[in-house]
Structure formats: structure tokens, C-alpha cells
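Undergrad: Here you go, this is protein-v7.pdb (PDB, C-alpha atoms).
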ATOM      1  CA  MET A   1      65.088  96.946  87.404  1.00  0.00           C
ATOM      2  CA  LEU A   2      63.436 100.266  86.653  1.00  0.00           C
ATOM      3  CA  GLY A   3      63.968 100.287  82.922  1.00  0.00           C
ATOM      4  CA  LYS A   4      65.671  98.637  79.972  1.00  0.00           C
ATOM      5  CA  LYS A   5      68.173 101.464  79.466  1.00  0.00           C
ATOM      6  CA  SER A   6      69.098 102.109  83.087  1.00  0.00           C
ATOM      7  CA  ASN A   7      70.961 100.225  85.780  1.00  0.00           C
ATOM      8  CA  GLU A   8      68.659 101.662  88.451  1.00  0.00           C
ATOM      9  CA  ALA A   9      66.621  99.243  90.501  1.00  0.00           C
ATOM     10  CA  VAL A  10      64.519  98.897  93.620  1.00  0.00           C
ATOM     11  CA  TRP A  11      66.251  96.515  96.011  1.00  0.00           C
ATOM     12  CA  ASN A  12      65.007  95.780  99.548  1.00  0.00           C
ATOM     13  CA  GLY A  13      62.691  98.788  99.287  1.00  0.00           C
ATOM     14  CA  GLN A  14      65.545 101.143  98.372  1.00  0.00           C
ATOM     15  CA  ARG A  15      66.293 102.814  95.076  1.00  0.00           C
ATOM     16  CA  VAL A  16      69.800 101.824  94.001  1.00  0.00           C
ATOM     17  CA  VAL A  17      72.085 101.919  91.003  1.00  0.00           C
ATOM     18  CA  ILE A  18      74.190  98.857  90.196  1.00  0.00           C
ATOM     19  CA  HIS A  19      77.705  99.108  88.771  1.00  0.00           C
ATOM     20  CA  CYS A  20      80.023  96.215  87.985  1.00  0.00           C
ATOM     21  CA  ALA A  21      83.814  96.271  87.802  1.00  0.00           C
ATOM     22  CA  HIS A  22      86.206  93.638  86.521  1.00  0.00           C
ATOM     23  CA  ARG A  23      89.071  92.408  88.660  1.00  0.00           C
ATOM     24  CA  LYS A  24      91.572  95.140  87.735  1.00  0.00           C
ATOM     25  CA  THR A  25      89.089  98.035  87.698  1.00  0.00           C
ATOM     26  CA  THR A  26      89.710 100.362  90.650  1.00  0.00           C
ATOM     27  CA  SER A  27      86.478 102.400  90.725  1.00  0.00           C
ATOM     28  CA  VAL A  28      82.923 102.717  89.464  1.00  0.00           C
ATOM     29  CA  GLY A  29      81.341 105.854  88.050  1.00  0.00           C
ATOM     30  CA  VAL A  30      77.920 107.259  88.910  1.00  0.00           C
ATOM     31  CA  LEU A  31      76.115 110.055  87.094  1.00  0.00           C
ATOM     32  CA  TYR A  32      75.696 113.101  89.338  1.00  0.00           C
ATOM     33  CA  HIS A  33      72.117 113.721  88.173  1.00  0.00           C
ATOM     34  CA  MET A  34      71.052 110.321  89.559  1.00  0.00           C
ATOM     35  CA  THR A  35      72.114 110.985  93.154  1.00  0.00           C
ATOM     36  CA  PRO A  36      69.015 112.897  94.336  1.00  0.00           C
ATOM     37  CA  ARG A  37      66.790 109.891  93.674  1.00  0.00           C
ATOM     38  CA  LEU A  38      69.104 107.158  95.023  1.00  0.00           C
ATOM     39  CA  ASP A  39      69.384 105.594  98.463  1.00  0.00           C
ATOM     40  CA  ALA A  40      72.569 103.636  97.741  1.00  0.00           C
ATOM     41  CA  VAL A  41      75.082 102.434  95.174  1.00  0.00           C
ATOM     42  CA  LEU A  42      75.668  98.708  94.725  1.00  0.00           C
ATOM     43  CA  GLY A  43      79.177  97.971  93.484  1.00  0.00           C
ATOM     44  CA  ALA A  44      79.779  94.468  92.126  1.00  0.00           C
ATOM     45  CA  PHE A  45      83.531  93.861  92.125  1.00  0.00           C
ATOM     46  CA  GLN A  46      85.119  90.825  90.513  1.00  0.00           C
ATOM     47  CA  ASP A  47      87.552  88.777  92.587  1.00  0.00           C
ATOM     48  CA  GLY A  48      90.464  86.688  91.324  1.00  0.00           C
ATOM     49  CA  ASP A  49      88.338  83.521  91.201  1.00  0.00           C
ATOM     50  CA  GLY A  50      85.802  85.183  88.872  1.00  0.00           C
ATOM     51  CA  SER A  51      83.118  85.668  91.512  1.00  0.00           C
ATOM     52  CA  TYR A  52      81.678  89.103  92.271  1.00  0.00           C
ATOM     53  CA  ARG A  53      81.317  90.639  95.715  1.00  0.00           C
ATOM     54  CA  ILE A  54      78.345  92.991  95.791  1.00  0.00           C
ATOM     55  CA  MET A  55      78.846  95.839  98.252  1.00  0.00           C
ATOM     56  CA  ARG A  56      76.332  98.506  99.297  1.00  0.00           C
ATOM     57  CA  LEU A  57      77.395 102.085 100.037  1.00  0.00           C
ATOM     58  CA  PRO A  58      74.826 104.707 101.148  1.00  0.00           C
ATOM     59  CA  ILE A  59      74.410 107.599  98.726  1.00  0.00           C
ATOM     60  CA  GLU A  60      75.124 110.085 101.542  1.00  0.00           C
ATOM     61  CA  ARG A  61      78.654 108.660 101.678  1.00  0.00           C
ATOM     62  CA  CYS A  62      79.026 108.451  97.892  1.00  0.00           C
ATOM     63  CA  ILE A  63      78.230 112.081  97.064  1.00  0.00           C
ATOM     64  CA  PRO A  64      81.243 113.739  98.757  1.00  0.00           C
ATOM     65  CA  ILE A  65      83.568 111.084  97.318  1.00  0.00           C
ATOM     66  CA  MET A  66      82.162 111.605  93.825  1.00  0.00           C
ATOM     67  CA  LYS A  67      82.583 115.373  94.059  1.00  0.00           C
ATOM     68  CA  ALA A  68      86.203 114.927  95.161  1.00  0.00           C
ATOM     69  CA  LYS A  69      86.926 112.397  92.355  1.00  0.00           C
ATOM     70  CA  PRO A  70      85.294 113.465  89.079  1.00  0.00           C
ATOM     71  CA  THR A  71      85.963 111.336  86.020  1.00  0.00           C
ATOM     72  CA  GLN A  72      89.053 112.206  83.996  1.00  0.00           C
ATOM     73  CA  SER A  73      87.129 111.538  80.785  1.00  0.00           C
ATOM     74  CA  ARG A  74      86.985 114.275  78.203  1.00  0.00           C
ATOM     75  CA  GLY A  75      84.209 112.536  76.277  1.00  0.00           C
ATOM     76  CA  ALA A  76      80.457 112.468  76.828  1.00  0.00           C
ATOM     77  CA  SER A  77      80.798 111.721  80.559  1.00  0.00           C
ATOM     78  CA  ALA A  78      83.061 114.726  81.260  1.00  0.00           C
ATOM     79  CA  GLY A  79      81.583 116.741  84.119  1.00  0.00           C
ATOM     80  CA  ARG A  80      78.694 114.303  84.499  1.00  0.00           C
ATOM     81  CA  VAL A  81      80.256 111.376  86.372  1.00  0.00           C
ATOM     82  CA  GLY A  82      81.901 111.008  89.766  1.00  0.00           C
ATOM     83  CA  LYS A  83      84.063 108.019  90.668  1.00  0.00           C
ATOM     84  CA  ILE A  84      83.827 105.877  93.795  1.00  0.00           C
ATOM     85  CA  PRO A  85      86.965 103.821  94.479  1.00  0.00           C
ATOM     86  CA  ARG A  86      86.709 100.096  95.064  1.00  0.00           C
ATOM     87  CA  ARG A  87      88.684 100.478  98.304  1.00  0.00           C
ATOM     88  CA  ILE A  88      85.923 102.693  99.786  1.00  0.00           C
ATOM     89  CA  PHE A  89      83.364  99.967  99.091  1.00  0.00           C
ATOM     90  CA  GLU A  90      85.726  97.403 100.643  1.00  0.00           C
ATOM     91  CA  GLU A  91      86.519  99.516 103.727  1.00  0.00           C
ATOM     92  CA  GLU A  92      83.095 101.015 104.420  1.00  0.00           C
ATOM     93  CA  GLY A  93      80.532  99.137 102.353  1.00  0.00           C
ATOM     94  CA  GLN A  94      78.133  96.468 103.502  1.00  0.00           C
ATOM     95  CA  LEU A  95      78.578  93.056 101.863  1.00  0.00           C
ATOM     96  CA  VAL A  96      75.290  92.155 100.186  1.00  0.00           C
ATOM     97  CA  ALA A  97      76.252  88.908  98.460  1.00  0.00           C
ATOM     98  CA  THR A  98      78.952  87.019  96.621  1.00  0.00           C
ATOM     99  CA  VAL A  99      77.857  85.611  93.266  1.00  0.00           C
ATOM    100  CA  GLN A 100      79.396  83.448  90.573  1.00  0.00           C
ATOM    101  CA  ILE A 101      78.228  84.069  87.021  1.00  0.00           C
ATOM    102  CA  GLU A 102      78.253  80.980  84.819  1.00  0.00           C
ATOM    103  CA  GLY A 103      78.609  81.291  81.062  1.00  0.00           C
ATOM    104  CA  PRO A 104      77.671  84.218  78.807  1.00  0.00           C
ATOM    105  CA  ALA A 105      75.020  86.736  79.825  1.00  0.00           C
ATOM    106  CA  VAL A 106      71.544  86.040  78.473  1.00  0.00           C
ATOM    107  CA  GLU A 107      69.115  88.781  77.531  1.00  0.00           C
TER
END
Show the structure stored in the file as C-alpha cells.
TA:
Amino acid sequence: MLGKKSNEAVWNGQRVVIHCAHRKTTSVGVLYHMTPRLDAVLGAFQDGDGSYRIMRLPIERCIPIMKAKPTQSRGASAGRVGKIPRRIFEEEGQLVATVQIEGPAVE
């Protein structure tokens, strides 16, 4: 991880951002200003059994999708976040891992 306040990381020599989505969540949002320094987005999507499938999507593919699907938020993220649908990760993404998280998160 590259900081305590960011979900950016270096993974396999690539700079990535990690976003998680619960079972019924249909997309993840990425800040536009992050895209120039990223190689990929890792989407961790929860399945019905509680496990998460972590999918990798290259940033070159994410950018046009994000521009076509800006967030509908009118709050602080308005105009700053683009959405990437779960189905794009599932159709085009590379499966990185499937993980099961046990118990509450520990800091």
C-alpha cells in the first residue's frame, strides 16, 4: 500500500488502485485524477458465498469507460469519479485471485 489514506498500491511491479464491492453493488468508482499514475484497477467483487473475486482491468481500458459513465453523485465526488461496471471486469478482466475474508477487519 502506498499510504494510509489511499487505496493505491504497488502490485506485481504495477501501480494499481483497489476497490471492493459487495454482492449487490454493480460498479466501482475511480477518481479521474488518479488515472495518469495507474497501470490497472483491481476490482474485488463479493460473490454469493461471501468470497471476493479480484479482477484486474488495465487502466487504458478503464479510462474510456469512466468517461462514458461518470458518477451520478451530486456530492463531493460529483465530476471527480468515473464508474466501471462489474460486468466489464467479469467480461474483460483478468482473474487475480479469489479470497475469503474471515471475521471483522483488523487495523
Undergrad: Might you spell out which residues the PyMOL selection byres ((chain A and resi 23-35) around 6) would select in the displayed file, as a list in words?
TA: Ala21, His22, Pro36, Arg37, Leu38, Gln46, Asp47, Arg80, Val81, Gly82, Lys83, Ile84, Pro85 and Arg86 of chain A
Undergrad: Include C-alpha atoms and write out the residues we just selected as a PDB file, in the frame of the given file.
TA:
ATOM      1  CA  ALA A  21      83.814  96.271  87.802  1.00  0.00           C
ATOM      2  CA  HIS A  22      86.206  93.638  86.521  1.00  0.00           C
ATOM      3  CA  PRO A  36      69.015 112.897  94.336  1.00  0.00           C
ATOM      4  CA  ARG A  37      66.790 109.891  93.674  1.00  0.00           C
ATOM      5  CA  LEU A  38      69.104 107.158  95.023  1.00  0.00           C
ATOM      6  CA  GLN A  46      85.119  90.825  90.513  1.00  0.00           C
ATOM      7  CA  ASP A  47      87.552  88.777  92.587  1.00  0.00           C
ATOM      8  CA  ARG A  80      78.694 114.303  84.499  1.00  0.00           C
ATOM      9  CA  VAL A  81      80.256 111.376  86.372  1.00  0.00           C
ATOM     10  CA  GLY A  82      81.901 111.008  89.766  1.00  0.00           C
ATOM     11  CA  LYS A  83      84.063 108.019  90.668  1.00  0.00           C
ATOM     12  CA  ILE A  84      83.827 105.877  93.795  1.00  0.00           C
ATOM     13  CA  PRO A  85      86.965 103.821  94.479  1.00  0.00           C
ATOM     14  CA  ARG A  86      86.709 100.096  95.064  1.00  0.00           C
TER      15      ARG A  86
END
Undergrad: What gap, in Å, lies between atom CA of A:Pro64 and atom CA of A:Lys4?
TA: 28.7 Å
Undergrad: May I ask for the distance between atom CA of A:Ile54 and atom CA of A:Arg74, given in Å to one decimal place?
TA: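 Taking atom CA of A:Ile54 and atom CA of A:Arg74, their separation equals 28.9 Å.
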Undergrad: Identify which of the residues A:Gly48, A:Ala68, A:Gly93, A:Ala40 lies closest to A:Gly13, counting only C-alpha atoms when measuring atom-to-atom distances.
TA: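 Among A:Gly48, A:Ala68, A:Gly93, A:Ala40, it is A:Ala40 that comes nearest to A:Gly13.
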Undergrad: How many Å separate atom CA of A:Val16 from atom CA of A:Glu90?
TA: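 Straight-line distance from atom CA of A:Val16 to atom CA of A:Glu90 works out to 17.8 Å.
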Undergrad: What would stretch 70-96 of chain A look like with N, CA, C and O atoms restored, written as a tab-separated table (two decimals), keeping the file's coordinate frame?
TA:
chain	number	residue	atom	x	y	z
A	70	PRO	N	86.02	113.50	90.35
A	70	PRO	CA	85.29	113.46	89.08
A	70	PRO	C	86.05	112.62	88.05
A	70	PRO	O	87.25	112.43	88.16
A	71	THR	N	85.33	112.13	87.06
A	71	THR	CA	85.96	111.34	86.02
A	71	THR	C	86.99	112.17	85.27
A	71	THR	O	86.84	113.39	85.14
A	72	GLN	N	88.03	111.52	84.79
A	72	GLN	CA	89.05	112.21	84.00
A	72	GLN	C	88.68	112.23	82.52
A	72	GLN	O	89.40	112.79	81.71
A	73	SER	N	87.56	111.62	82.17
A	73	SER	CA	87.13	111.54	80.78
A	73	SER	C	86.91	112.92	80.18
A	73	SER	O	86.44	113.84	80.85
A	74	ARG	N	87.24	113.04	78.93
A	74	ARG	CA	86.98	114.28	78.20
A	74	ARG	C	85.85	114.07	77.20
A	74	ARG	O	85.51	114.95	76.46
A	75	GLY	N	85.29	112.88	77.20
A	75	GLY	CA	84.21	112.54	76.28
A	75	GLY	C	82.85	112.94	76.83
A	75	GLY	O	82.71	113.91	77.58
A	76	ALA	N	81.85	112.17	76.47
A	76	ALA	CA	80.46	112.47	76.83
A	76	ALA	C	80.22	112.50	78.33
A	76	ALA	O	79.34	113.20	78.81
A	77	SER	N	81.02	111.76	79.11
A	77	SER	CA	80.80	111.72	80.56
A	77	SER	C	81.52	112.85	81.30
A	77	SER	O	81.33	113.00	82.51
A	78	ALA	N	82.32	113.65	80.62
A	78	ALA	CA	83.06	114.73	81.26
A	78	ALA	C	82.13	115.67	82.01
A	78	ALA	O	81.14	116.15	81.46
A	79	GLY	N	82.39	115.86	83.30
A	79	GLY	CA	81.58	116.74	84.12
A	79	GLY	C	80.26	116.15	84.57
A	79	GLY	O	79.50	116.80	85.26
A	80	ARG	N	79.98	114.92	84.18
A	80	ARG	CA	78.69	114.30	84.50
A	80	ARG	C	78.82	113.11	85.44
A	80	ARG	O	77.81	112.63	85.95
A	81	VAL	N	80.05	112.62	85.63
A	81	VAL	CA	80.26	111.38	86.37
A	81	VAL	C	81.27	111.58	87.48
A	81	VAL	O	82.32	112.20	87.28
A	82	GLY	N	80.96	111.04	88.65
A	82	GLY	CA	81.90	111.01	89.77
A	82	GLY	C	82.29	109.57	90.03
A	82	GLY	O	81.50	108.65	89.85
A	83	LYS	N	83.54	109.36	90.44
A	83	LYS	CA	84.06	108.02	90.67
A	83	LYS	C	84.04	107.68	92.15
A	83	LYS	O	84.26	108.53	93.00
A	84	ILE	N	83.78	106.39	92.43
A	84	ILE	CA	83.83	105.88	93.80
A	84	ILE	C	84.83	104.72	93.78
A	84	ILE	O	84.61	103.72	93.10
A	85	PRO	N	85.93	104.86	94.49
A	85	PRO	CA	86.96	103.82	94.48
A	85	PRO	C	86.50	102.51	95.11
A	85	PRO	O	85.74	102.50	96.08
A	86	ARG	N	86.98	101.44	94.55
A	86	ARG	CA	86.71	100.10	95.06
A	86	ARG	C	87.09	100.00	96.54
A	86	ARG	O	86.38	99.41	97.34
A	87	ARG	N	88.21	100.59	96.91
A	87	ARG	CA	88.68	100.48	98.30
A	87	ARG	C	87.69	101.09	99.30
A	87	ARG	O	87.57	100.61	100.42
A	88	ILE	N	86.93	102.11	98.90
A	88	ILE	CA	85.92	102.69	99.79
A	88	ILE	C	84.80	101.68	100.01
A	88	ILE	O	84.34	101.48	101.14
A	89	PHE	N	84.37	101.02	98.94
A	89	PHE	CA	83.36	99.97	99.09
A	89	PHE	C	83.89	98.88	100.02
A	89	PHE	O	83.17	98.39	100.89
A	90	GLU	N	85.15	98.48	99.84
A	90	GLU	CA	85.73	97.40	100.64
A	90	GLU	C	85.90	97.80	102.11
A	90	GLU	O	85.70	96.98	103.00
A	91	GLU	N	86.28	99.05	102.36
A	91	GLU	CA	86.52	99.52	103.73
A	91	GLU	C	85.23	99.87	104.46
A	91	GLU	O	85.11	99.63	105.66
A	92	GLU	N	84.27	100.46	103.76
A	92	GLU	CA	83.10	101.02	104.42
A	92	GLU	C	81.77	100.39	104.01
A	92	GLU	O	80.76	100.57	104.68
A	93	GLY	N	81.77	99.68	102.89
A	93	GLY	CA	80.53	99.14	102.35
A	93	GLY	C	80.04	97.92	103.11
A	93	GLY	O	80.78	97.27	103.85
A	94	GLN	N	78.78	97.63	102.90
A	94	GLN	CA	78.13	96.47	103.50
A	94	GLN	C	78.10	95.37	102.45
A	94	GLN	O	77.60	95.58	101.34
A	95	LEU	N	78.63	94.18	102.78
A	95	LEU	CA	78.58	93.06	101.86
A	95	LEU	C	77.14	92.59	101.72
A	95	LEU	O	76.48	92.26	102.70
A	96	VAL	N	76.66	92.57	100.48
A	96	VAL	CA	75.29	92.16	100.19
A	96	VAL	C	75.28	90.68	99.80
A	96	VAL	O	74.45	89.91	100.28
